[in-house]
Structures are given as C-alpha cells and as structure tokens.
$ cat entry.csv   # CSV, C-alpha atoms and all ligand atoms
chain,number,residue,atom,x,y,z
S,1,MET,CA,9.6,-28.5,-16.4
S,2,SER,CA,7.1,-26.6,-14.1
S,3,GLU,CA,8.0,-25.0,-10.8
S,4,GLN,CA,6.1,-27.7,-9.0
S,5,GLU,CA,7.9,-30.6,-10.7
S,6,GLN,CA,11.3,-29.1,-9.9
S,7,GLU,CA,10.6,-28.8,-6.2
S,8,PRO,CA,11.5,-29.6,-3.4
S,9,LEU,CA,15.0,-28.2,-4.0
S,10,THR,CA,18.2,-29.8,-2.9
S,11,ILE,CA,21.8,-28.7,-2.6
S,12,GLN,CA,25.0,-30.8,-2.2
S,13,PRO,CA,27.2,-30.3,0.9
S,14,ALA,CA,30.2,-29.4,-1.3
S,15,GLN,CA,28.1,-26.7,-3.0
S,16,ALA,CA,27.0,-25.3,0.4
S,17,ALA,CA,30.6,-25.3,1.6
S,18,LEU,CA,31.6,-23.0,-1.4
S,19,LEU,CA,29.0,-20.5,-0.3
S,20,THR,CA,29.6,-20.5,3.4
S,21,PRO,CA,32.4,-17.9,3.5
S,22,TYR,CA,30.1,-15.4,1.9
S,23,LEU,CA,27.1,-16.0,4.2
S,24,PRO,CA,26.2,-14.2,7.3
S,25,PRO,CA,27.4,-15.9,10.5
S,26,PRO,CA,24.6,-17.9,12.2
S,27,PRO,CA,22.9,-15.8,14.9
S,28,PRO,CA,24.0,-16.8,18.5
S,29,ALA,CA,21.5,-19.3,20.0
S,30,SER,CA,20.4,-16.8,22.8
S,31,SER,CA,20.2,-13.7,20.6
S,32,PRO,CA,17.5,-11.2,21.7
S,33,SER,CA,14.9,-10.4,19.1
S,34,HIS,CA,16.2,-6.8,19.0
S,35,SER,CA,20.0,-7.1,18.8
S,36,THR,CA,22.2,-4.6,20.6
S,37,ASN,CA,25.2,-5.9,18.6
S,38,PRO,CA,26.9,-2.7,17.1
S,39,LYS,CA,27.9,-4.7,13.9
S,40,LYS,CA,25.8,-3.7,11.0
S,41,ILE,CA,23.4,-6.1,9.3
S,42,HIS,CA,25.1,-8.5,6.8
S,43,VAL,CA,24.1,-7.6,3.2
S,44,THR,CA,24.3,-10.1,0.4
S,45,LEU,CA,23.5,-9.0,-3.1
S,46,THR,CA,22.4,-12.0,-5.2
S,47,TYR,CA,20.6,-12.4,-8.5
S,48,ALA,CA,20.6,-14.5,-11.7
S,49,GLN,CA,21.8,-13.0,-15.0
S,50,SER,CA,22.3,-13.9,-18.6
S,51,LEU,CA,25.7,-13.7,-20.4
S,52,ASP,CA,24.7,-10.2,-21.6
S,53,SER,CA,23.9,-9.1,-18.0
S,54,SER,CA,20.1,-9.3,-18.2
S,55,LEU,CA,17.8,-10.2,-15.4
S,56,ALA,CA,14.7,-10.5,-17.5
S,57,LEU,CA,13.7,-10.3,-21.2
S,58,ALA,CA,11.8,-7.1,-20.7
S,59,PRO,CA,10.8,-4.9,-17.7
S,60,GLY,CA,7.9,-6.6,-16.0
S,61,LEU,CA,8.5,-10.0,-17.6
S,62,ARG,CA,9.3,-12.9,-15.2
S,63,THR,CA,12.1,-14.8,-16.9
S,64,VAL,CA,13.5,-18.1,-15.8
S,65,LEU,CA,17.4,-18.0,-15.9
S,66,SER,CA,18.4,-20.4,-13.1
S,67,GLY,CA,18.5,-24.1,-13.7
S,68,ALA,CA,17.4,-26.6,-11.0
S,69,GLN,CA,20.7,-26.6,-9.2
S,70,SER,CA,21.3,-22.9,-9.0
S,71,LYS,CA,17.6,-22.3,-8.1
S,72,ALA,CA,18.2,-24.7,-5.2
S,73,MET,CA,21.3,-22.6,-4.3
S,74,THR,CA,19.1,-19.4,-4.2
S,75,HIS,CA,16.7,-21.2,-1.9
S,76,PHE,CA,19.6,-22.3,0.3
S,77,LEU,CA,20.6,-18.6,0.5
S,78,ARG,CA,17.1,-17.6,1.4
S,79,SER,CA,17.2,-20.1,4.3
S,80,ARG,CA,20.4,-18.5,5.5
S,81,HIS,CA,19.3,-14.9,5.7
S,82,ALA,CA,16.8,-13.2,8.1
S,83,ALA,CA,15.3,-11.1,5.3
S,84,ILE,CA,14.9,-11.1,1.5
S,85,LEU,CA,14.5,-7.7,-0.2
S,86,VAL,CA,13.0,-6.8,-3.7
S,87,GLY,CA,11.8,-3.6,-5.3
S,88,ALA,CA,8.2,-2.9,-6.1
S,89,GLY,CA,8.9,-3.5,-9.8
S,90,THR,CA,9.7,-7.1,-9.0
S,91,ALA,CA,6.8,-7.6,-6.6
S,92,VAL,CA,4.4,-6.2,-9.2
S,93,ALA,CA,5.8,-8.1,-12.2
S,94,ASP,CA,6.6,-11.5,-10.7
S,95,ASP,CA,4.2,-12.1,-7.8
S,96,PRO,CA,7.2,-13.7,-6.1
S,97,GLY,CA,6.9,-16.3,-3.3
S,98,LEU,CA,10.0,-15.0,-1.5
S,99,ASN,CA,10.3,-18.1,0.7
S,100,SER,CA,12.7,-20.9,0.9
S,101,ARG,CA,11.5,-24.1,-0.6
S,102,LEU,CA,14.7,-26.1,0.1
S,103,SER,CA,14.0,-29.8,1.0
S,104,SER,CA,14.5,-30.6,4.7
S,105,GLY,CA,17.4,-33.0,3.8
S,106,SER,CA,19.4,-30.0,2.5
S,107,GLY,CA,19.4,-28.2,5.8
S,108,ALA,CA,16.3,-26.1,5.3
S,109,GLY,CA,14.9,-24.5,8.3
S,110,SER,CA,14.3,-20.8,8.7
S,111,GLN,CA,12.3,-18.6,6.4
S,112,PRO,CA,13.4,-15.1,5.5
S,113,ARG,CA,11.3,-12.0,6.1
S,114,PRO,CA,10.2,-10.6,2.7
S,115,VAL,CA,10.8,-6.9,2.4
S,116,VAL,CA,9.5,-4.8,-0.5
S,117,LEU,CA,10.7,-1.3,-1.3
S,118,ASP,CA,7.5,0.4,-2.4
S,119,PRO,CA,7.6,4.2,-1.6
S,120,ARG,CA,4.4,4.9,-3.6
S,121,ALA,CA,2.6,1.7,-2.3
S,122,ARG,CA,1.9,0.5,-5.9
S,123,TRP,CA,2.1,-3.2,-5.2
S,124,ALA,CA,-1.5,-4.4,-5.1
S,125,VAL,CA,-1.0,-7.2,-2.6
S,126,HIS,CA,-4.1,-9.3,-2.2
S,127,GLU,CA,-5.3,-12.6,-0.7
S,128,GLY,CA,-4.1,-14.6,-3.7
S,129,SER,CA,-0.6,-13.1,-3.8
S,130,LYS,CA,2.0,-15.9,-3.4
S,131,VAL,CA,3.7,-14.3,-0.5
S,132,ILE,CA,0.5,-14.0,1.4
S,133,ARG,CA,-0.6,-17.6,0.6
S,134,HIS,CA,2.8,-18.9,1.8
S,135,ALA,CA,2.5,-16.9,5.0
S,136,ARG,CA,-1.0,-18.2,5.6
S,137,ASP,CA,0.1,-21.8,5.0
S,138,GLY,CA,3.1,-21.5,7.3
S,139,LYS,CA,5.5,-21.8,4.3
S,140,GLY,CA,7.0,-18.4,4.7
S,141,LEU,CA,6.9,-15.1,6.6
S,142,ALA,CA,4.6,-12.2,6.0
S,143,PRO,CA,6.1,-9.2,4.2
S,144,PHE,CA,7.1,-5.8,5.4
S,145,VAL,CA,6.5,-3.1,2.8
S,146,LEU,CA,8.5,0.1,3.1
S,147,VAL,CA,6.5,3.2,2.0
S,148,ASP,CA,7.3,6.9,1.8
S,149,GLN,CA,6.5,8.5,5.2
S,150,ASP,CA,5.7,11.9,3.7
S,151,ARG,CA,3.3,10.4,1.2
S,152,PHE,CA,1.5,8.1,3.6
S,153,GLY,CA,1.8,10.0,6.8
S,154,MET,CA,3.0,8.6,10.0
S,155,GLU,CA,1.0,8.1,13.2
S,156,LEU,CA,2.6,6.4,16.1
S,157,GLY,CA,5.1,4.7,13.8
S,158,ASP,CA,2.3,3.3,11.6
S,159,ALA,CA,1.7,4.2,7.9
S,160,SER,CA,-1.7,5.8,7.3
S,161,GLY,CA,-3.3,6.6,4.0
S,162,VAL,CA,-2.4,3.2,2.3
S,163,ASP,CA,-5.2,1.3,0.7
S,164,GLU,CA,-7.2,-0.2,3.6
S,165,GLY,CA,-7.9,-3.5,1.8
S,166,ARG,CA,-4.2,-4.1,1.1
S,167,ARG,CA,-3.3,-3.2,4.6
S,168,ARG,CA,-5.9,-5.6,6.0
S,169,VAL,CA,-4.5,-8.4,3.8
S,170,LEU,CA,-0.9,-7.7,5.0
S,171,GLU,CA,-1.8,-7.5,8.6
S,172,SER,CA,-4.0,-10.6,8.6
S,173,VAL,CA,-0.8,-12.7,8.1
S,174,GLY,CA,1.4,-10.6,10.4
S,175,GLY,CA,2.9,-8.2,7.7
S,176,ARG,CA,3.1,-4.5,7.9
S,177,TYR,CA,3.5,-1.2,6.0
S,178,ILE,CA,6.5,0.6,7.5
S,179,PRO,CA,6.8,4.3,6.8
S,180,LEU,CA,10.3,5.6,6.0
S,181,LYS,CA,11.6,9.1,5.0
S,182,ALA,CA,12.5,9.0,1.3
S,183,ARG,CA,15.7,11.1,1.6
S,184,GLY,CA,17.2,10.1,-1.7
S,185,PRO,CA,16.8,11.5,-5.2
S,186,ASN,CA,13.5,10.8,-7.1
S,187,GLY,CA,11.6,9.9,-3.9
S,188,ARG,CA,13.9,7.0,-3.2
S,189,PHE,CA,15.1,5.7,0.2
S,190,GLU,CA,18.7,5.9,1.2
S,191,TRP,CA,20.2,2.4,1.6
S,192,VAL,CA,21.5,3.2,5.0
S,193,ASP,CA,18.0,4.1,6.1
S,194,VAL,CA,16.5,0.9,4.7
S,195,LEU,CA,19.2,-1.2,6.6
S,196,ALA,CA,18.5,0.8,9.8
S,197,VAL,CA,14.8,-0.2,9.6
S,198,LEU,CA,15.7,-3.9,9.1
S,199,GLU,CA,18.2,-3.7,12.1
S,200,ARG,CA,15.5,-2.0,14.2
S,201,GLU,CA,13.2,-4.9,13.3
S,202,GLY,CA,15.8,-7.4,14.7
S,203,LEU,CA,16.8,-8.7,11.2
S,204,GLY,CA,20.6,-9.5,11.3
S,205,SER,CA,21.0,-10.3,7.6
S,206,VAL,CA,19.4,-9.5,4.3
S,207,MET,CA,19.7,-10.9,0.8
S,208,ILE,CA,18.9,-8.3,-1.8
S,209,GLU,CA,17.5,-10.1,-4.9
S,210,GLY,CA,16.5,-7.4,-7.3
S,211,GLY,CA,15.3,-6.2,-9.7
S,212,GLY,CA,17.3,-4.0,-12.0
S,213,GLU,CA,16.8,-0.6,-10.3
S,214,VAL,CA,17.5,-2.0,-6.9
S,215,ILE,CA,20.7,-3.8,-8.0
S,216,ASN,CA,22.1,-0.9,-10.0
S,217,SER,CA,21.5,1.6,-7.2
S,218,LEU,CA,23.1,-0.8,-4.6
S,219,LEU,CA,26.1,-1.3,-6.8
S,220,ALA,CA,26.7,2.5,-7.1
S,221,PRO,CA,28.2,4.4,-4.2
S,222,PRO,CA,27.4,4.9,-1.4
S,223,GLY,CA,25.2,1.7,-1.5
S,224,ASN,CA,28.0,-0.6,-2.5
S,225,GLY,CA,29.9,0.3,0.6
S,226,LEU,CA,27.2,-1.5,2.6
S,227,VAL,CA,27.4,-4.8,0.7
S,228,ASP,CA,29.2,-7.6,2.4
S,229,SER,CA,29.1,-10.2,-0.4
S,230,VAL,CA,27.8,-10.7,-3.9
S,231,ILE,CA,26.6,-14.1,-5.3
S,232,VAL,CA,25.7,-14.1,-9.0
S,233,THR,CA,24.2,-16.9,-11.0
S,234,ILE,CA,25.3,-16.7,-14.6
S,235,ALA,CA,23.1,-18.7,-17.0
S,236,PRO,CA,24.5,-19.8,-20.4
S,237,THR,CA,22.1,-17.7,-22.5
S,238,TRP,CA,22.0,-14.3,-24.1
S,239,LEU,CA,18.6,-12.6,-23.6
S,240,GLY,CA,19.3,-9.9,-26.2
S,241,ARG,CA,18.6,-6.1,-26.2
S,242,GLY,CA,15.7,-4.6,-24.4
S,243,GLY,CA,16.0,-6.6,-21.2
S,244,VAL,CA,16.4,-5.5,-17.6
S,245,VAL,CA,20.2,-5.0,-17.4
S,246,VAL,CA,22.6,-4.9,-14.5
S,247,SER,CA,24.9,-2.0,-15.3
S,248,PRO,CA,25.4,0.4,-12.5
S,249,PRO,CA,26.1,4.1,-13.1
S,250,ARG,CA,29.8,4.9,-13.2
S,251,MET,CA,31.5,6.5,-10.3
S,252,ARG,CA,32.7,9.9,-11.4
S,253,GLY,CA,36.6,10.2,-11.5
S,254,GLU,CA,38.6,13.2,-10.6
S,255,GLU,CA,38.7,15.9,-13.3
S,256,GLY,CA,40.3,14.3,-16.4
S,257,ALA,CA,40.6,10.9,-14.8
S,258,HIS,CA,38.7,7.8,-15.8
S,259,ALA,CA,35.9,6.6,-13.6
S,260,THR,CA,36.8,3.7,-11.3
S,261,PRO,CA,34.9,0.5,-12.1
S,262,VAL,CA,33.2,-1.5,-9.4
S,263,ARG,CA,35.1,-4.7,-9.0
S,264,LEU,CA,34.9,-7.9,-7.0
S,265,THR,CA,37.7,-9.4,-5.0
S,266,ASP,CA,38.1,-12.6,-3.0
S,267,VAL,CA,36.3,-14.4,-5.9
S,268,SER,CA,35.2,-18.1,-6.0
S,269,CYS,CA,33.2,-19.7,-8.7
S,270,CYS,CA,31.6,-23.1,-9.3
S,271,PRO,CA,29.4,-24.8,-11.8
S,272,PHE,CA,25.8,-25.5,-10.6
S,273,GLY,CA,24.5,-27.7,-13.4
S,274,GLU,CA,24.9,-25.7,-16.6
S,275,ASP,CA,25.0,-22.3,-14.7
S,276,VAL,CA,28.1,-20.8,-13.0
S,277,VAL,CA,27.8,-19.2,-9.6
S,278,LEU,CA,30.3,-16.5,-8.9
S,279,CYS,CA,30.8,-15.2,-5.3
S,280,GLY,CA,32.9,-12.3,-4.2
S,281,ARG,CA,33.2,-9.1,-2.2
S,282,ILE,CA,33.2,-5.6,-3.5
S,283,LEU,CA,36.8,-4.2,-3.7
S,284,ARG,CA,37.0,-1.1,-1.5
S,301,LIG,N1,17.0,-12.7,-12.6
S,301,LIG,C1,16.9,-12.3,-11.3
S,301,LIG,O1,17.6,-12.7,-10.4
S,301,LIG,C2,15.9,-11.3,-10.9
S,301,LIG,C3,15.1,-10.7,-11.9
S,301,LIG,N2,14.2,-9.7,-11.6
S,301,LIG,C4,13.5,-9.0,-12.7
S,301,LIG,O2,13.7,-7.7,-12.6
S,301,LIG,C5,12.5,-7.0,-13.2
S,301,LIG,C6,12.2,-5.8,-12.2
S,301,LIG,O3,13.2,-4.9,-12.2
S,301,LIG,P1,12.9,-3.3,-12.2
S,301,LIG,O4,11.8,-3.0,-13.1
S,301,LIG,O5,14.2,-2.6,-12.3
S,301,LIG,O6,12.3,-3.1,-10.7
S,301,LIG,P2,12.8,-3.3,-9.2
S,301,LIG,O7,12.3,-4.6,-8.7
S,301,LIG,O8,14.2,-2.9,-9.1
S,301,LIG,O9,11.9,-2.2,-8.5
S,301,LIG,C7,12.0,-0.8,-8.8
S,301,LIG,C8,11.1,-0.1,-7.9
S,301,LIG,O10,11.5,-0.4,-6.5
S,301,LIG,C9,11.4,0.8,-5.7
S,301,LIG,N3,12.8,1.1,-5.3
S,301,LIG,C10,13.9,0.7,-5.8
S,301,LIG,N4,15.0,1.2,-5.2
S,301,LIG,C11,14.4,2.0,-4.2
S,301,LIG,C12,15.0,2.8,-3.2
S,301,LIG,N5,16.3,2.9,-3.0
S,301,LIG,N6,14.1,3.5,-2.4
S,301,LIG,C13,12.8,3.4,-2.6
S,301,LIG,N7,12.2,2.6,-3.5
S,301,LIG,C14,13.0,1.9,-4.3
S,301,LIG,C15,10.8,1.8,-6.6
S,301,LIG,O11,9.4,1.8,-6.4
S,301,LIG,C16,11.1,1.4,-8.0
S,301,LIG,O12,10.2,1.9,-9.0
S,301,LIG,C17,11.4,-8.0,-13.3
S,301,LIG,O13,11.2,-8.3,-14.6
S,301,LIG,C18,12.0,-9.2,-12.5
S,301,LIG,O14,11.5,-10.4,-13.1
S,301,LIG,C19,14.0,-9.3,-10.3
S,301,LIG,C20,14.7,-9.9,-9.3
S,301,LIG,C21,15.8,-10.9,-9.5
S,302,LIG,N1,17.8,-16.9,-8.8
S,302,LIG,C1,16.9,-16.5,-9.7
S,302,LIG,N2,16.8,-17.1,-10.9
S,302,LIG,C2,16.0,-16.8,-11.8
S,302,LIG,O1,16.0,-17.4,-13.0
S,302,LIG,C3,15.0,-15.8,-11.5
S,302,LIG,N3,14.1,-15.4,-12.5
S,302,LIG,C4,15.0,-15.2,-10.2
S,302,LIG,N4,14.1,-14.3,-9.9
S,302,LIG,C5,13.9,-13.9,-8.6
S,302,LIG,O2,13.2,-14.8,-7.9
S,302,LIG,C6,11.9,-14.3,-7.6
S,302,LIG,C7,10.9,-15.4,-7.7
S,302,LIG,O3,10.8,-16.1,-6.5
S,302,LIG,P1,9.8,-17.3,-6.2
S,302,LIG,O4,10.3,-18.5,-6.9
S,302,LIG,O5,8.5,-16.9,-6.7
S,302,LIG,O6,9.9,-17.4,-4.7
S,302,LIG,C8,11.6,-13.2,-8.6
S,302,LIG,O7,10.7,-12.3,-8.2
S,302,LIG,C9,13.0,-12.6,-8.6
S,302,LIG,O8,13.3,-11.9,-7.4
S,302,LIG,N5,16.0,-15.6,-9.3
$ encode --input "entry.csv" --output "structure tokens"
Amino acid sequence: MSEQEQEPLTIQPAQAALLTPYLPPPPPASSPSHSTNPKKIHVTLTYAQSLDSSLALAPGLRTVLSGAQSKAMTHFLRSRHAAILVGAGTAVADDPGLNSRLSSGSGAGSQPRPVVLDPRARWAVHEGSKVIRHARDGKGLAPFVLVDQDRFGMELGDASGVDEGRRRVLESVGGRYIPLKARGPNGRFEWVDVLAVLEREGLGSVMIEGGGEVINSLLAPPGNGLVDSVIVTIAPTWLGRGGVVVSPPRMRGEEGAHATPVRLTDVSCCPFGEDVVLCGRILR
C-alpha cells in the first residue's frame, strides 16, 4: 500500500494512554517562547527496528518497517514533541517529511520543528525536498540545520560559507543553518551542546528518530544520561546482514570487569497491529 493510501493516520485512545507516561508534559498554556524553566529539555529516543536490530536494509536505503498502526503511533509522537531530530545520513538517504500526518480525530495539532545534525552541510536541501514542501504548504515546520561553526564560520550568530542556494531555500520557509562548535571526536557535536541549542530556541522536547549513527552515539555514555524515554517499534521481520544496525559501543568496565550493558527499566509493551511497541527508561 502506498504512503498516500495509508494516510491520514489514526491512533486509538488506549494506545495513546500507553504512551502518555513516556511523553513530555504538555507545555503550560502561558509558556514564553524562550523558557526560563531550569528543567532540561525532554528527550525521547524513538525508532523502528527489525528482529535483528536493523533500521534499514543497507546504509542509505529507505526501508519500511512500521505497519499502519505503529506508523500512526510515530506520527502521534511527532505531534507531542516540539522538535524531531535526525542525522544528515537520514536526511540525505530518505528525503524525510518529518511532520505529523495524524488525522485530526486522533488529537493531531502541533507540528514538530525538524532538526538535522549536519556538521559538514552535506544535505542538499532544495525546493522539492519533502520537508520544504510541507513547510511551504503549512503542513509542517521549516528545518533547523546544525553545522560545524569552525567549518562554516560564525558571524553574528549566523552560519556563513554554506551553499547560498540551499540557505535561500531554507530561509524562504523560515528555516535556518545554526552554527555549533563540534567539540566531540571526529568533528561531531556533543549531545549536551545540541540540546542546549534546542533549549535556546525555546524547544522544550525533542524526539530523536535516527539513523544508526545518531542512535548508537546517543545510547552510549554520556549521551544516554540525557535520554528521558525510549520508544522502539519492533517489526516482525529479519532484515539480514549488511543493514544499519542499532548496537551501541560497550561501556568500558573497570580493569578485568565486564562492561555494563545499557538496559531499560520501567518497561511497557503493546502490540500495534503486527508490530510491538516497547517503551522504557534507561536504567541509571
Ligand atoms: N527505522 C527507523 O526508524 C529509521 C531508519 N533510518 C535509516 O537509517 C539510515 C541512516 O543512518 P546512518 O547512515 O547511520 O546516518 P544518520 O542519520 O545517523 O546520520 C549520520 C550523520 O549525522 C551526522 N551526525 C550524527 N551524529 C552527530 C553528532 N553527534 N554530531 C554531529 N553530527 C552528527 C553526521 O553528519 C553523520 O555522518 C537510513 O538508511 C535511514 O533510512 C533513519 C531513521 C529512523
Ligand atoms: N517509525 C518508522 N518506521 C519505519 O518503518 C521507518 N522507515 C521510519 N523511518 C523514519 O521516518 C522517516 C520518514 O519520515 P516521513 O514519513 O518521510 O515523514 C525516515 O527518514 C526515518 O527517520 N520510522
């Protein structure tokens, strides 16, 4: 069935109730756009995987795992977060829409702000990119693209040196390149810095959707200490070897001791059609 035929997407009240304890609290009605609340941004890590922990058949290959019900669940999550974040690999490979297409009867409403981690500005965003079309049509928000501040310069808080055509496309719908110091190894941002940018932009919650590199780095310390909840769709299929796999690096144990695995606690799970959705919090 095509994407168009499956939509609009709906979710049952009982399914929404299962997810509620893992969602960010709704923002207070009178919240200022730049919150002064000292509590950090709520971070939900969420993705769909196969039984052998794959996100996609191969790097760069958009692969449908979620069935209609769990896809609707993802769009419900999108409507309950202020931002949705993916890595440049996903933006380049998938041309994702990154909006919520939940039907109005299912409590749809707000759209999340798409955020792309793209230190080298390799995502060739253009007029036809889905996320731009959605923003232009009022079906989603324009993306913020986080780029390496040292590579693209910084003038008055604005990134310079990025491709002018791409910048014009982004800005024409209200999006922006945002420069950020890449303090991590291999020219990567530290997660704490990424979240600080989102908070500074007045975004109180983010769902981090993928892909493989983003998820694996967030599940490793210190990133995993910043995650409030994890919601994983498990599809009843094995994608086989060679896929994009979720398998974070092990935490190093003390000399001679085994590494401590990352584990979920406070776990709930529920069938969504033929998929299973597993929710939990990372055990500290
Ligand atoms: N099944 C699912 O739920 C999902 C599947 N996917 C799949 O995952 C695949 C893409 O995964 P990957 O190739 O691993 O790419 P990715 O989406 O994780 O992006 C990796 C890139 O993001 C940037 N990046 C990641 N972490 C960063 C950090 N801390 N600081 C700065 N930049 C950072 C870098 O440019 C890096 O090359 C695609 O095939 C896509 O279809 C993606 C999202 C969800
Ligand atoms: N929940 C979920 N199930 C799947 O089967 C998937 N392949 C994904 N992928 C993620 O969703 C993005 C596509 O979003 P749009 O439908 O275009 O808005 C894709 O880029 C991945 O982040 N997710």
$ closest_atom_pairs --input "entry.csv" --of "chain S" --to "ligand LIG 301 (chain S)" --cutoff "7 Å" --atoms "all atoms listed in the file" --output "tab-separated table"
residue	atom	partner	partner_atom	distance
S:Tyr47	CA	S:LIG301	O1	3.6
S:Ala48	CA	S:LIG301	O1	3.7
S:Gln49	CA	S:LIG301	N1	5.4
S:Leu55	CA	S:LIG301	N1	3.8
S:Ala56	CA	S:LIG301	O13	5.0
S:Ala58	CA	S:LIG301	O13	6.2
S:Pro59	CA	S:LIG301	O13	4.6
S:Gly60	CA	S:LIG301	O13	4.0
S:Leu61	CA	S:LIG301	O13	4.4
S:Arg62	CA	S:LIG301	O14	3.9
S:Thr63	CA	S:LIG301	O14	5.8
S:Leu65	CA	S:LIG301	N1	6.3
S:Val86	CA	S:LIG301	O7	5.5
S:Gly87	CA	S:LIG301	O10	3.4
S:Ala88	CA	S:LIG301	O10	4.2
S:Gly89	CA	S:LIG301	O9	3.5
S:Thr90	CA	S:LIG301	O7	3.6
S:Ala91	CA	S:LIG301	O7	6.6
S:Ala93	CA	S:LIG301	C17	5.7
S:Asp94	CA	S:LIG301	O14	5.6
S:Leu117	CA	S:LIG301	N7	4.7
S:Asp118	CA	S:LIG301	O11	4.6
S:Pro119	CA	S:LIG301	N7	5.2
S:Arg120	CA	S:LIG301	O11	6.5
S:Ala182	CA	S:LIG301	N6	6.8
S:Gly187	CA	S:LIG301	C13	6.7
S:Arg188	CA	S:LIG301	N6	3.6
S:Phe189	CA	S:LIG301	N6	3.5
S:Glu190	CA	S:LIG301	N5	5.7
S:Trp191	CA	S:LIG301	N5	6.1
S:Glu209	CA	S:LIG301	C21	5.0
S:Gly210	CA	S:LIG301	C20	3.7
S:Gly211	CA	S:LIG301	C19	3.4
S:Gly212	CA	S:LIG301	O5	3.4
S:Glu213	CA	S:LIG301	O8	3.7
S:Val214	CA	S:LIG301	O8	4.1
S:Ile215	CA	S:LIG301	O8	6.7
S:Ser217	CA	S:LIG301	N5	6.8
S:Val244	CA	S:LIG301	C5	6.1
$ atom_distance --input "entry.csv" --atom1 "atom CA of Ala72 of chain S" --atom2 "atom CA of Ser129 of chain S"
22.1 Å
$ residues_around --input "entry.csv" --residues "Val192 of chain S" --least-positions-apart "3" --cutoff "12 Å" --atoms "only C-alpha atoms" --output "list of chain:residue names"
S:Lys40, S:Ile41, S:Val43, S:Leu180, S:Lys181, S:Ala182, S:Arg183, S:Gly184, S:Arg188, S:Phe189, S:Leu195, S:Ala196, S:Val197, S:Leu198, S:Glu199, S:Leu218, S:Pro221, S:Pro222, S:Gly223, S:Asn224, S:Gly225, S:Leu226, S:Val227
$ atom_distance --input "entry.csv" --atom1 "atom N2 of ligand LIG 302 (chain S)" --atom2 "atom CA of Gly280 of chain S"
18.1 Å
$ closest_residue --input "entry.csv" --among "S:Pro13, S:Gly140, S:Pro21, S:Gly174" --to "ligand LIG 302 (chain S)" --atoms "only C-alpha atoms and all ligand atoms"
S:Gly140
$ atom_distance --input "entry.csv" --atom1 "atom CA of Pro261 of chain S" --atom2 "atom CA of Ser54 of chain S"
18.8 Å
$ closest_residue --input "entry.csv" --among "S:Thr20, S:Thr74, S:Ser229, S:Ser110" --to "Thr44 of chain S" --atoms "all atoms listed in the file"
S:Ser229
$ closest_residue --input "entry.csv" --among "S:Thr233, S:Gln12, S:Asn216, S:Gln69" --to "ligand LIG 302 (chain S)" --atoms "only C-alpha atoms and all ligand atoms"
S:Thr233
$ closest_residue --input "entry.csv" --among "S:Leu264, S:Leu45, S:Leu23, S:Val194" --to "ligand LIG 302 (chain S)" --atoms "only C-alpha atoms and all ligand atoms"
S:Leu45
$ closest_residue --input "entry.csv" --among "S:Val277, S:Ala82, S:Ile178, S:Ala124" --to "ligand LIG 302 (chain S)" --atoms "all atoms listed in the file"
S:Val277
$ closest_residue --input "entry.csv" --among "S:Arg263, S:Ala220, S:Arg166, S:Val131" --to "Met251 of chain S" --atoms "only C-alpha atoms"
S:Ala220
$ residues_around --input "entry.csv" --residues "Leu19 of chain S" --least-positions-apart "5" --cutoff "9 Å" --atoms "only C-alpha atoms" --output "ChimeraX atom specification"
/S:73,77,231,268,279
